[in-house]
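Trainee: My file is structure_11.cif. It has mmCIF, N, CA and C atoms:
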```
data_my_file
#
loop_
_atom_site.group_PDB
_atom_site.id
_atom_site.type_symbol
_atom_site.label_atom_id
_atom_site.label_comp_id
_atom_site.auth_asym_id
_atom_site.auth_seq_id
_atom_site.Cartn_x
_atom_site.Cartn_y
_atom_site.Cartn_z
ATOM 1 N N MET Q 1 64.029 92.510 76.223
ATOM 2 C CA MET Q 1 64.952 91.496 76.677
ATOM 3 C C MET Q 1 66.365 91.748 76.166
ATOM 4 N N ASN Q 2 66.478 92.398 75.033
ATOM 5 C CA ASN Q 2 67.780 92.643 74.447
ATOM 6 C C ASN Q 2 68.664 93.480 75.373
ATOM 7 N N LEU Q 3 68.083 94.511 76.007
ATOM 8 C CA LEU Q 3 68.834 95.347 76.940
ATOM 9 C C LEU Q 3 69.309 94.520 78.136
ATOM 10 N N TRP Q 4 68.431 93.646 78.634
ATOM 11 C CA TRP Q 4 68.804 92.783 79.757
ATOM 12 C C TRP Q 4 69.988 91.890 79.386
ATOM 13 N N ASN Q 5 69.989 91.327 78.197
ATOM 14 C CA ASN Q 5 71.075 90.465 77.751
ATOM 15 C C ASN Q 5 72.386 91.231 77.641
ATOM 16 N N LYS Q 6 72.319 92.472 77.177
ATOM 17 C CA LYS Q 6 73.537 93.291 77.079
ATOM 18 C C LYS Q 6 74.117 93.577 78.458
ATOM 19 N N LEU Q 7 73.234 93.914 79.410
ATOM 20 C CA LEU Q 7 73.706 94.198 80.765
ATOM 21 C C LEU Q 7 74.333 92.967 81.416
ATOM 22 N N THR Q 8 73.688 91.834 81.284
ATOM 23 C CA THR Q 8 74.244 90.635 81.905
ATOM 24 C C THR Q 8 75.534 90.212 81.239
ATOM 25 N N SER Q 9 75.656 90.469 79.940
ATOM 26 C CA SER Q 9 76.909 90.105 79.271
ATOM 27 C C SER Q 9 78.057 90.988 79.738
ATOM 28 N N LEU Q 10 77.764 92.263 80.047
ATOM 29 C CA LEU Q 10 78.806 93.142 80.574
ATOM 30 C C LEU Q 10 79.342 92.622 81.899
ATOM 31 N N PHE Q 11 78.445 92.211 82.779
ATOM 32 C CA PHE Q 11 78.868 91.709 84.082
ATOM 33 C C PHE Q 11 79.565 90.363 83.978
ATOM 34 N N SER Q 12 79.119 89.529 83.082
ATOM 35 C CA SER Q 12 79.764 88.222 82.953
ATOM 36 C C SER Q 12 81.161 88.362 82.364
ATOM 37 N N LYS Q 13 81.386 89.347 81.499
ATOM 38 C CA LYS Q 13 82.729 89.588 80.955
ATOM 39 C C LYS Q 13 83.662 90.078 82.052
ATOM 40 N N THR Q 14 83.165 90.932 82.929
ATOM 41 C CA THR Q 14 83.985 91.446 84.020
ATOM 42 C C THR Q 14 84.381 90.318 84.959
ATOM 43 N N LYS Q 15 83.459 89.460 85.306
ATOM 44 C CA LYS Q 15 83.768 88.333 86.185
ATOM 45 C C LYS Q 15 84.745 87.376 85.516
ATOM 46 N N THR Q 16 84.568 87.154 84.217
ATOM 47 C CA THR Q 16 85.457 86.256 83.488
ATOM 48 C C THR Q 16 86.868 86.820 83.431
ATOM 49 N N ALA Q 17 86.984 88.127 83.187
ATOM 50 C CA ALA Q 17 88.305 88.759 83.128
ATOM 51 C C ALA Q 17 88.997 88.699 84.484
ATOM 52 N N ALA Q 18 88.248 88.940 85.551
ATOM 53 C CA ALA Q 18 88.831 88.880 86.896
ATOM 54 C C ALA Q 18 89.256 87.461 87.233
ATOM 55 N N ALA Q 19 88.434 86.486 86.867
ATOM 56 C CA ALA Q 19 88.781 85.092 87.138
ATOM 57 C C ALA Q 19 90.007 84.667 86.338
ATOM 58 N N THR Q 20 90.121 85.134 85.097
ATOM 59 C CA THR Q 20 91.280 84.817 84.265
ATOM 60 C C THR Q 20 92.545 85.430 84.849
ATOM 61 N N GLU Q 21 92.459 86.678 85.304
ATOM 62 C CA GLU Q 21 93.624 87.332 85.901
ATOM 63 C C GLU Q 21 94.053 86.622 87.175
ATOM 64 N N GLU Q 22 93.097 86.224 87.996
ATOM 65 C CA GLU Q 22 93.421 85.506 89.230
ATOM 66 C C GLU Q 22 94.066 84.162 88.921
ATOM 67 N N ALA Q 23 93.555 83.479 87.920
ATOM 68 C CA ALA Q 23 94.136 82.199 87.524
ATOM 69 C C ALA Q 23 95.545 82.387 86.990
ATOM 70 N N ASP Q 24 95.781 83.453 86.217
ATOM 71 C CA ASP Q 24 97.119 83.728 85.704
ATOM 72 C C ASP Q 24 98.096 83.987 86.840
ATOM 73 N N ASN Q 25 97.671 84.725 87.854
ATOM 74 C CA ASN Q 25 98.539 84.990 88.997
ATOM 75 C C ASN Q 25 98.866 83.712 89.745
ATOM 76 N N ASN Q 26 97.893 82.815 89.869
ATOM 77 C CA ASN Q 26 98.134 81.561 90.573
ATOM 78 C C ASN Q 26 99.072 80.661 89.777
ATOM 79 N N VAL Q 27 99.012 80.710 88.459
ATOM 80 C CA VAL Q 27 99.887 79.894 87.625
ATOM 81 C C VAL Q 27 101.331 80.347 87.765
ATOM 82 N N THR Q 28 101.553 81.660 87.821
ATOM 83 C CA THR Q 28 102.917 82.170 87.937
ATOM 84 C C THR Q 28 103.427 82.107 89.364
ATOM 85 N N GLY Q 29 102.568 81.742 90.306
ATOM 86 C CA GLY Q 29 103.008 81.601 91.691
ATOM 87 C C GLY Q 29 102.939 82.889 92.480
ATOM 88 N N GLU Q 30 102.369 83.937 91.914
ATOM 89 C CA GLU Q 30 102.273 85.197 92.617
ATOM 90 C C GLU Q 30 101.007 85.203 93.456
ATOM 91 N N THR Q 31 101.143 85.613 94.689
ATOM 92 C CA THR Q 31 99.983 85.804 95.542
ATOM 93 C C THR Q 31 99.986 87.240 95.993
ATOM 94 N N ALA Q 32 98.895 87.675 96.551
ATOM 95 C CA ALA Q 32 98.798 89.062 97.003
ATOM 96 C C ALA Q 32 99.855 89.366 98.058
ATOM 97 N N ASP Q 33 100.144 88.421 98.932
ATOM 98 C CA ASP Q 33 101.139 88.646 99.968
ATOM 99 C C ASP Q 33 102.527 88.839 99.381
ATOM 100 N N LYS Q 34 102.890 88.034 98.398
ATOM 101 C CA LYS Q 34 104.216 88.132 97.815
ATOM 102 C C LYS Q 34 104.390 89.417 97.028
ATOM 103 N N VAL Q 35 103.349 89.872 96.368
ATOM 104 C CA VAL Q 35 103.436 91.083 95.571
ATOM 105 C C VAL Q 35 103.581 92.300 96.478
ATOM 106 N N LYS Q 36 102.854 92.330 97.592
ATOM 107 C CA LYS Q 36 102.867 93.479 98.479
ATOM 108 C C LYS Q 36 104.120 93.559 99.333
ATOM 109 N N CYS Q 37 104.759 92.451 99.598
ATOM 110 C CA CYS Q 37 105.910 92.414 100.482
ATOM 111 C C CYS Q 37 107.143 92.973 99.784
ATOM 112 N N SER Q 38 107.816 93.923 100.415
ATOM 113 C CA SER Q 38 109.032 94.491 99.856
ATOM 114 C C SER Q 38 110.227 94.091 100.719
ATOM 115 N N CYS Q 39 111.406 94.415 100.235
ATOM 116 C CA CYS Q 39 112.620 94.089 100.995
ATOM 117 C C CYS Q 39 112.633 94.814 102.337
ATOM 118 N N SER Q 40 112.147 96.052 102.362
ATOM 119 C CA SER Q 40 112.125 96.780 103.629
ATOM 120 C C SER Q 40 111.140 96.139 104.608
ATOM 121 N N ASP Q 41 110.065 95.530 104.098
ATOM 122 C CA ASP Q 41 109.135 94.808 104.976
ATOM 123 C C ASP Q 41 109.824 93.614 105.625
ATOM 124 N N VAL Q 42 110.641 92.918 104.848
ATOM 125 C CA VAL Q 42 111.390 91.775 105.377
ATOM 126 C C VAL Q 42 112.380 92.265 106.432
ATOM 127 N N PHE Q 43 113.049 93.377 106.155
ATOM 128 C CA PHE Q 43 113.999 93.967 107.098
ATOM 129 C C PHE Q 43 113.306 94.334 108.408
ATOM 130 N N VAL Q 44 112.151 94.992 108.315
ATOM 131 C CA VAL Q 44 111.417 95.397 109.515
ATOM 132 C C VAL Q 44 110.964 94.171 110.296
ATOM 133 N N ARG Q 45 110.510 93.139 109.613
ATOM 134 C CA ARG Q 45 110.073 91.913 110.292
ATOM 135 C C ARG Q 45 111.233 91.263 111.036
ATOM 136 N N ILE Q 46 112.408 91.220 110.415
ATOM 137 C CA ILE Q 46 113.589 90.645 111.071
ATOM 138 C C ILE Q 46 113.922 91.443 112.332
ATOM 139 N N CYS Q 47 113.876 92.765 112.213
ATOM 140 C CA CYS Q 47 114.204 93.616 113.361
ATOM 141 C C CYS Q 47 113.184 93.477 114.484
ATOM 142 N N THR Q 48 111.900 93.462 114.139
ATOM 143 C CA THR Q 48 110.880 93.344 115.185
ATOM 144 C C THR Q 48 110.899 91.967 115.830
ATOM 145 N N ASP Q 49 111.207 90.950 115.053
ATOM 146 C CA ASP Q 49 111.342 89.609 115.636
ATOM 147 C C ASP Q 49 112.495 89.545 116.624
ATOM 148 N N ALA Q 50 113.509 90.385 116.413
ATOM 149 C CA ALA Q 50 114.662 90.421 117.311
ATOM 150 C C ALA Q 50 114.422 91.305 118.533
ATOM 151 N N GLY Q 51 113.274 92.002 118.559
ATOM 152 C CA GLY Q 51 112.951 92.816 119.729
ATOM 153 C C GLY Q 51 113.067 94.308 119.540
ATOM 154 N N VAL Q 52 113.326 94.765 118.339
ATOM 155 C CA VAL Q 52 113.383 96.195 118.063
ATOM 156 C C VAL Q 52 111.971 96.644 117.685
ATOM 157 N N SER Q 53 111.479 97.688 118.331
ATOM 158 C CA SER Q 53 110.115 98.129 118.043
ATOM 159 C C SER Q 53 110.066 98.924 116.732
ATOM 160 N N LYS Q 54 108.905 98.914 116.115
ATOM 161 C CA LYS Q 54 108.724 99.691 114.882
ATOM 162 C C LYS Q 54 108.896 101.178 115.155
ATOM 163 N N LYS Q 55 108.509 101.598 116.345
ATOM 164 C CA LYS Q 55 108.653 103.004 116.730
ATOM 165 C C LYS Q 55 110.126 103.414 116.710
ATOM 166 N N GLU Q 56 110.987 102.558 117.237
ATOM 167 C CA GLU Q 56 112.424 102.846 117.244
ATOM 168 C C GLU Q 56 112.991 102.862 115.823
ATOM 169 N N LEU Q 57 112.515 101.951 114.980
ATOM 170 C CA LEU Q 57 112.967 101.929 113.587
ATOM 171 C C LEU Q 57 112.510 103.182 112.845
ATOM 172 N N ASN Q 58 111.300 103.642 113.142
ATOM 173 C CA ASN Q 58 110.783 104.848 112.495
ATOM 174 C C ASN Q 58 111.558 106.095 112.897
ATOM 175 N N LYS Q 59 112.067 106.122 114.137
ATOM 176 C CA LYS Q 59 112.822 107.284 114.607
ATOM 177 C C LYS Q 59 114.043 107.559 113.742
ATOM 178 N N VAL Q 60 114.678 106.502 113.233
ATOM 179 C CA VAL Q 60 115.880 106.677 112.409
ATOM 180 C C VAL Q 60 115.590 106.438 110.927
ATOM 181 N N ASN Q 61 114.295 106.298 110.585
ATOM 182 C CA ASN Q 61 113.893 106.091 109.199
ATOM 183 C C ASN Q 61 114.576 104.855 108.603
ATOM 184 N N ALA Q 62 114.660 103.803 109.392
ATOM 185 C CA ALA Q 62 115.427 102.615 109.023
ATOM 186 C C ALA Q 62 114.884 101.918 107.781
ATOM 187 N N ALA Q 63 113.575 101.770 107.672
ATOM 188 C CA ALA Q 63 113.003 101.047 106.530
ATOM 189 C C ALA Q 63 113.293 101.765 105.220
ATOM 190 N N ALA Q 64 113.133 103.077 105.204
ATOM 191 C CA ALA Q 64 113.389 103.847 103.982
ATOM 192 C C ALA Q 64 114.873 103.829 103.623
ATOM 193 N N LEU Q 65 115.733 103.977 104.631
ATOM 194 C CA LEU Q 65 117.173 103.931 104.366
ATOM 195 C C LEU Q 65 117.586 102.563 103.847
ATOM 196 N N PHE Q 66 117.020 101.518 104.414
ATOM 197 C CA PHE Q 66 117.317 100.173 103.946
ATOM 198 C C PHE Q 66 116.854 99.999 102.510
ATOM 199 N N ASP Q 67 115.650 100.453 102.221
ATOM 200 C CA ASP Q 67 115.089 100.303 100.879
ATOM 201 C C ASP Q 67 115.932 101.033 99.832
ATOM 202 N N GLU Q 68 116.424 102.227 100.156
ATOM 203 C CA GLU Q 68 117.280 102.988 99.235
ATOM 204 C C GLU Q 68 118.622 102.298 99.023
ATOM 205 N N TRP Q 69 119.148 101.711 100.073
ATOM 206 C CA TRP Q 69 120.490 101.143 100.036
ATOM 207 C C TRP Q 69 120.531 99.739 99.460
ATOM 208 N N TYR Q 70 119.579 98.902 99.800
ATOM 209 C CA TYR Q 70 119.646 97.469 99.496
ATOM 210 C C TYR Q 70 119.351 97.187 98.022
ATOM 211 N N GLU Q 71 120.187 96.323 97.426
ATOM 212 C CA GLU Q 71 120.012 95.963 96.022
ATOM 213 C C GLU Q 71 119.993 94.460 95.799
ATOM 214 N N GLY Q 72 119.795 93.676 96.825
ATOM 215 C CA GLY Q 72 119.810 92.222 96.703
ATOM 216 C C GLY Q 72 118.418 91.639 96.555
ATOM 217 N N THR Q 73 118.350 90.337 96.730
ATOM 218 C CA THR Q 73 117.064 89.656 96.662
ATOM 219 C C THR Q 73 116.301 89.860 97.962
ATOM 220 N N CYS Q 74 115.001 89.690 97.921
ATOM 221 C CA CYS Q 74 114.149 89.982 99.073
ATOM 222 C C CYS Q 74 113.857 88.768 99.942
ATOM 223 N N ASP Q 75 114.714 87.766 99.908
ATOM 224 C CA ASP Q 75 114.495 86.637 100.806
ATOM 225 C C ASP Q 75 115.121 86.944 102.166
ATOM 226 N N GLU Q 76 114.646 86.278 103.182
ATOM 227 C CA GLU Q 76 115.044 86.590 104.558
ATOM 228 C C GLU Q 76 116.545 86.406 104.798
ATOM 229 N N ASP Q 77 117.134 85.358 104.255
ATOM 230 C CA ASP Q 77 118.563 85.114 104.482
ATOM 231 C C ASP Q 77 119.426 86.222 103.882
ATOM 232 N N SER Q 78 119.111 86.660 102.677
ATOM 233 C CA SER Q 78 119.893 87.719 102.028
ATOM 234 C C SER Q 78 119.777 89.029 102.795
ATOM 235 N N VAL Q 79 118.568 89.354 103.210
ATOM 236 C CA VAL Q 79 118.358 90.592 103.965
ATOM 237 C C VAL Q 79 119.090 90.508 105.300
ATOM 238 N N ARG Q 80 118.979 89.381 105.985
ATOM 239 C CA ARG Q 80 119.646 89.210 107.278
ATOM 240 C C ARG Q 80 121.174 89.342 107.133
ATOM 241 N N ASN Q 81 121.731 88.791 106.061
ATOM 242 C CA ASN Q 81 123.175 88.857 105.842
ATOM 243 C C ASN Q 81 123.651 90.265 105.507
ATOM 244 N N SER Q 82 122.764 91.119 105.035
ATOM 245 C CA SER Q 82 123.167 92.479 104.657
ATOM 246 C C SER Q 82 123.105 93.463 105.821
ATOM 247 N N ILE Q 83 122.499 93.080 106.908
ATOM 248 C CA ILE Q 83 122.267 94.017 108.014
ATOM 249 C C ILE Q 83 123.569 94.525 108.624
ATOM 250 N N ASP Q 84 124.590 93.683 108.734
ATOM 251 C CA ASP Q 84 125.864 94.146 109.313
ATOM 252 C C ASP Q 84 126.479 95.272 108.489
ATOM 253 N N GLU Q 85 126.412 95.166 107.184
ATOM 254 C CA GLU Q 85 126.951 96.222 106.324
ATOM 255 C C GLU Q 85 126.132 97.507 106.463
ATOM 256 N N LEU Q 86 124.816 97.369 106.562
ATOM 257 C CA LEU Q 86 123.948 98.531 106.755
ATOM 258 C C LEU Q 86 124.271 99.239 108.064
ATOM 259 N N ARG Q 87 124.535 98.467 109.098
ATOM 260 C CA ARG Q 87 124.868 99.042 110.396
ATOM 261 C C ARG Q 87 126.153 99.854 110.338
ATOM 262 N N GLN Q 88 127.110 99.436 109.530
ATOM 263 C CA GLN Q 88 128.365 100.173 109.391
ATOM 264 C C GLN Q 88 128.153 101.506 108.671
ATOM 265 N N ILE Q 89 127.231 101.535 107.747
ATOM 266 C CA ILE Q 89 126.976 102.739 106.957
ATOM 267 C C ILE Q 89 126.125 103.752 107.716
ATOM 268 N N HIS Q 90 125.149 103.279 108.485
ATOM 269 C CA HIS Q 90 124.202 104.157 109.181
ATOM 270 C C HIS Q 90 124.309 103.974 110.688
ATOM 271 N N PRO Q 91 125.017 104.878 111.358
ATOM 272 C CA PRO Q 91 125.202 104.751 112.806
ATOM 273 C C PRO Q 91 123.897 104.804 113.609
ATOM 274 N N GLY Q 92 122.891 105.515 113.123
ATOM 275 C CA GLY Q 92 121.617 105.591 113.819
ATOM 276 C C GLY Q 92 120.926 104.239 113.863
ATOM 277 N N ILE Q 93 120.973 103.538 112.744
ATOM 278 C CA ILE Q 93 120.388 102.200 112.684
ATOM 279 C C ILE Q 93 121.198 101.262 113.571
ATOM 280 N N ASN Q 94 122.522 101.415 113.533
ATOM 281 C CA ASN Q 94 123.392 100.586 114.374
ATOM 282 C C ASN Q 94 123.030 100.748 115.847
ATOM 283 N N ALA Q 95 122.760 101.980 116.258
ATOM 284 C CA ALA Q 95 122.421 102.244 117.657
ATOM 285 C C ALA Q 95 121.120 101.533 118.062
ATOM 286 N N LYS Q 96 120.156 101.517 117.169
ATOM 287 C CA LYS Q 96 118.871 100.882 117.475
ATOM 288 C C LYS Q 96 118.973 99.358 117.481
ATOM 289 N N LEU Q 97 119.900 98.799 116.680
ATOM 290 C CA LEU Q 97 120.023 97.352 116.575
ATOM 291 C C LEU Q 97 121.045 96.742 117.525
ATOM 292 N N THR Q 98 121.857 97.575 118.161
ATOM 293 C CA THR Q 98 122.889 97.079 119.063
ATOM 294 C C THR Q 98 122.270 96.268 120.195
ATOM 295 N N GLY Q 99 122.795 95.082 120.388
ATOM 296 C CA GLY Q 99 122.300 94.185 121.423
ATOM 297 C C GLY Q 99 121.091 93.376 121.012
ATOM 298 N N LYS Q 100 120.528 93.663 119.864
ATOM 299 C CA LYS Q 100 119.357 92.929 119.383
ATOM 300 C C LYS Q 100 119.721 92.000 118.231
ATOM 301 N N LEU Q 101 120.478 92.511 117.287
ATOM 302 C CA LEU Q 101 120.895 91.731 116.120
ATOM 303 C C LEU Q 101 122.400 91.663 116.050
#
```
The structure in this file should be written as C-alpha coordinates.
Mentor:
Amino acid sequence: MNLWNKLTSLFSKTKTAAATEEADNNVTGETADKVKCSCSDVFVRICTDAGVSKKELNKVNAAALFDEWYEGTCDEDSVRNSIDELRQIHPGINAKLTGKL
(Lines of atoms letter the chains of each structure in order from A and count residues from 1; the text may use other names and numbers.)
(Lines give C-alpha, C1' and ligand atoms only; values in the text may rest on other atoms or scores of the structure.)
Protein backbone atom coordinates (compact mmCIF):
# COMPACT_ATOMS: atom_id res chain seq x y z
CA MET A 1 0.00 0.00 0.00
CA ASN A 2 2.91 2.33 0.64
CA LEU A 3 3.83 2.42 -3.08
CA TRP A 4 0.21 3.19 -3.97
CA ASN A 5 0.16 6.11 -1.52
CA LYS A 6 3.37 7.53 -3.00
CA LEU A 7 1.98 7.35 -6.53
CA THR A 8 -1.30 9.00 -5.63
CA SER A 9 0.50 11.73 -3.72
CA LEU A 10 2.59 12.52 -6.81
CA PHE A 11 -0.54 13.00 -8.90
CA SER A 12 -2.35 14.99 -6.26
CA LYS A 13 0.63 17.38 -5.96
CA THR A 14 0.61 17.93 -9.72
CA LYS A 15 -3.10 18.70 -9.75
CA THR A 16 -2.71 21.01 -6.75
CA ALA A 17 0.16 22.90 -8.38
CA ALA A 18 -1.79 23.31 -11.63
CA ALA A 19 -4.87 24.48 -9.75
CA THR A 20 -2.78 26.97 -7.75
CA GLU A 21 -1.17 28.35 -10.92
CA GLU A 22 -4.57 28.71 -12.60
CA ALA A 23 -5.95 30.48 -9.55
CA ASP A 24 -2.95 32.83 -9.49
CA ASN A 25 -3.51 33.72 -13.14
CA ASN A 26 -7.18 34.43 -12.48
CA VAL A 27 -6.31 36.67 -9.51
CA THR A 28 -3.95 38.79 -11.61
CA GLY A 29 -6.54 39.02 -14.38
CA GLU A 30 -4.49 37.14 -16.94
CA THR A 31 -6.30 34.74 -19.20
CA ALA A 32 -4.93 32.55 -21.93
CA ASP A 33 -6.36 34.86 -24.59
CA LYS A 34 -4.72 37.96 -23.16
CA VAL A 35 -1.34 36.30 -22.78
CA LYS A 36 -1.32 34.94 -26.35
CA CYS A 37 -2.52 38.14 -28.00
CA SER A 38 0.26 40.43 -29.24
CA CYS A 39 0.21 43.94 -30.66
CA SER A 40 0.64 42.56 -34.17
CA ASP A 41 -2.43 40.36 -33.60
CA VAL A 42 -4.43 43.47 -32.73
CA PHE A 43 -3.06 45.21 -35.84
CA VAL A 44 -4.02 42.27 -38.08
CA ARG A 45 -7.51 42.12 -36.55
CA ILE A 46 -8.04 45.84 -37.19
CA CYS A 47 -6.90 45.43 -40.79
CA THR A 48 -9.03 42.35 -41.48
CA ASP A 49 -12.06 44.00 -39.90
CA ALA A 50 -11.54 46.85 -42.37
CA GLY A 51 -11.53 44.43 -45.30
CA VAL A 52 -7.84 43.76 -45.87
CA SER A 53 -7.17 40.04 -46.26
CA LYS A 54 -4.49 38.26 -44.26
CA LYS A 55 -3.02 37.10 -47.55
CA GLU A 56 -2.47 40.71 -48.63
CA LEU A 57 -0.92 41.56 -45.26
CA ASN A 58 1.41 38.57 -45.52
CA LYS A 59 2.60 39.68 -48.98
CA VAL A 60 4.19 42.79 -47.46
CA ASN A 61 5.08 41.15 -44.13
CA ALA A 62 2.88 43.73 -42.40
CA ALA A 63 2.49 41.97 -39.03
CA ALA A 64 6.23 41.46 -38.55
CA LEU A 65 7.05 45.01 -39.66
CA PHE A 66 4.42 46.37 -37.30
CA ASP A 67 5.72 44.26 -34.43
CA GLU A 68 9.32 45.48 -34.98
CA TRP A 69 8.25 49.11 -35.27
CA TYR A 70 5.50 49.51 -32.66
CA GLU A 71 6.44 50.38 -29.08
CA GLY A 72 3.10 51.40 -27.56
CA THR A 73 0.43 49.63 -25.59
CA CYS A 74 -1.46 46.74 -27.16
CA ASP A 75 -4.96 48.13 -26.82
CA GLU A 76 -7.03 48.62 -29.96
CA ASP A 77 -7.22 52.43 -29.79
CA SER A 78 -3.44 52.87 -29.47
CA VAL A 79 -2.74 50.46 -32.31
CA ARG A 80 -5.39 52.09 -34.51
CA ASN A 81 -3.92 55.56 -33.85
CA SER A 82 -0.44 54.39 -34.85
CA ILE A 83 -1.42 53.00 -38.24
CA ASP A 84 -1.15 56.34 -40.09
CA GLU A 85 2.47 56.73 -38.99
CA LEU A 86 3.23 53.14 -40.01
CA ARG A 87 1.76 53.80 -43.44
CA GLN A 88 4.12 56.75 -43.92
CA ILE A 89 7.15 54.64 -43.06
CA HIS A 90 6.25 51.52 -45.10
CA PRO A 91 4.87 52.23 -48.57
CA GLY A 92 4.01 48.56 -49.15
CA ILE A 93 1.72 48.51 -46.13
CA ASN A 94 0.27 51.85 -47.23
CA ALA A 95 -0.60 50.35 -50.62
CA LYS A 96 -2.46 47.44 -49.02
CA LEU A 97 -4.37 49.69 -46.60
CA THR A 98 -5.29 52.45 -49.04
CA GLY A 99 -9.04 52.80 -49.28
CA LYS A 100 -9.59 50.45 -46.35
CA LEU A 101 -8.24 52.34 -43.34
Trainee: Given 6 Å on each side, where is the centre and what are the edge lengths in Å to one decimal of the axis-aligned box enclosing the listed atoms of region 66-80 of chain Q, as JSON?
Mentor:
```
{"center_x": 117.5, "center_y": 94.1, "center_z": 101.5, "size_x": 19.3, "size_y": 29.9, "size_z": 23.5}
```
Trainee: Please list as a PDB file with N, CA and C atoms, keeping the file's coordinate frame every residue within 6.5 Å of region 40-53 of chain Q, counting all atoms listed in the file and excluding residues in the same chain fewer than 2 positions away.
Mentor:
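File result20.pdb, as written:
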```pdb
ATOM      1  N   CYS Q  37     104.759  92.451  99.598  1.00  0.00           N
ATOM      2  CA  CYS Q  37     105.910  92.414 100.482  1.00  0.00           C
ATOM      3  C   CYS Q  37     107.143  92.973  99.784  1.00  0.00           C
ATOM      4  N   SER Q  38     107.816  93.923 100.415  1.00  0.00           N
ATOM      5  CA  SER Q  38     109.032  94.491  99.856  1.00  0.00           C
ATOM      6  C   SER Q  38     110.227  94.091 100.719  1.00  0.00           C
ATOM      7  N   LYS Q  55     108.509 101.598 116.345  1.00  0.00           N
ATOM      8  CA  LYS Q  55     108.653 103.004 116.730  1.00  0.00           C
ATOM      9  C   LYS Q  55     110.126 103.414 116.710  1.00  0.00           C
ATOM     10  N   GLU Q  56     110.987 102.558 117.237  1.00  0.00           N
ATOM     11  CA  GLU Q  56     112.424 102.846 117.244  1.00  0.00           C
ATOM     12  C   GLU Q  56     112.991 102.862 115.823  1.00  0.00           C
ATOM     13  N   LEU Q  57     112.515 101.951 114.980  1.00  0.00           N
ATOM     14  CA  LEU Q  57     112.967 101.929 113.587  1.00  0.00           C
ATOM     15  C   LEU Q  57     112.510 103.182 112.845  1.00  0.00           C
ATOM     16  N   ASN Q  58     111.300 103.642 113.142  1.00  0.00           N
ATOM     17  CA  ASN Q  58     110.783 104.848 112.495  1.00  0.00           C
ATOM     18  C   ASN Q  58     111.558 106.095 112.897  1.00  0.00           C
ATOM     19  N   ALA Q  63     113.575 101.770 107.672  1.00  0.00           N
ATOM     20  CA  ALA Q  63     113.003 101.047 106.530  1.00  0.00           C
ATOM     21  C   ALA Q  63     113.293 101.765 105.220  1.00  0.00           C
ATOM     22  N   PHE Q  66     117.020 101.518 104.414  1.00  0.00           N
ATOM     23  CA  PHE Q  66     117.317 100.173 103.946  1.00  0.00           C
ATOM     24  C   PHE Q  66     116.854  99.999 102.510  1.00  0.00           C
ATOM     25  N   ASP Q  67     115.650 100.453 102.221  1.00  0.00           N
ATOM     26  CA  ASP Q  67     115.089 100.303 100.879  1.00  0.00           C
ATOM     27  C   ASP Q  67     115.932 101.033  99.832  1.00  0.00           C
ATOM     28  N   GLU Q  76     114.646  86.278 103.182  1.00  0.00           N
ATOM     29  CA  GLU Q  76     115.044  86.590 104.558  1.00  0.00           C
ATOM     30  C   GLU Q  76     116.545  86.406 104.798  1.00  0.00           C
ATOM     31  N   VAL Q  79     118.568  89.354 103.210  1.00  0.00           N
ATOM     32  CA  VAL Q  79     118.358  90.592 103.965  1.00  0.00           C
ATOM     33  C   VAL Q  79     119.090  90.508 105.300  1.00  0.00           C
ATOM     34  N   LYS Q  96     120.156 101.517 117.169  1.00  0.00           N
ATOM     35  CA  LYS Q  96     118.871 100.882 117.475  1.00  0.00           C
ATOM     36  C   LYS Q  96     118.973  99.358 117.481  1.00  0.00           C
ATOM     37  N   LYS Q 100     120.528  93.663 119.864  1.00  0.00           N
ATOM     38  CA  LYS Q 100     119.357  92.929 119.383  1.00  0.00           C
ATOM     39  C   LYS Q 100     119.721  92.000 118.231  1.00  0.00           C
ATOM     40  N   LEU Q 101     120.478  92.511 117.287  1.00  0.00           N
ATOM     41  CA  LEU Q 101     120.895  91.731 116.120  1.00  0.00           C
ATOM     42  C   LEU Q 101     122.400  91.663 116.050  1.00  0.00           C
TER      43      LEU Q 101
END
```
Trainee: Would you mind telling me which residue in Q:Tyr70, Q:Arg80, Q:Val60, Q:Leu65 lies nearest to Ile93 (chain Q) when using all atoms listed in the file?
Mentor: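 Distance minimum relative to Ile93 (chain Q) lands on Q:Val60.
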Trainee: Could you tell me how far CA of Lys54 (chain Q) lies from atom N of Thr98 (chain Q), in Å and to one decimal?
Mentor: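 According to the coordinates, CA of Lys54 (chain Q) and atom N of Thr98 (chain Q) are separated by 13.7 Å.
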Trainee: Restricting the calculation to all atoms listed in the file, which member of Q:Ile89, Q:Ala95, Q:Leu10, Q:Cys39 is positioned closest to Thr73 (chain Q)?
Mentor: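 Closest to Thr73 (chain Q), using all atoms listed in the file: Q:Cys39.
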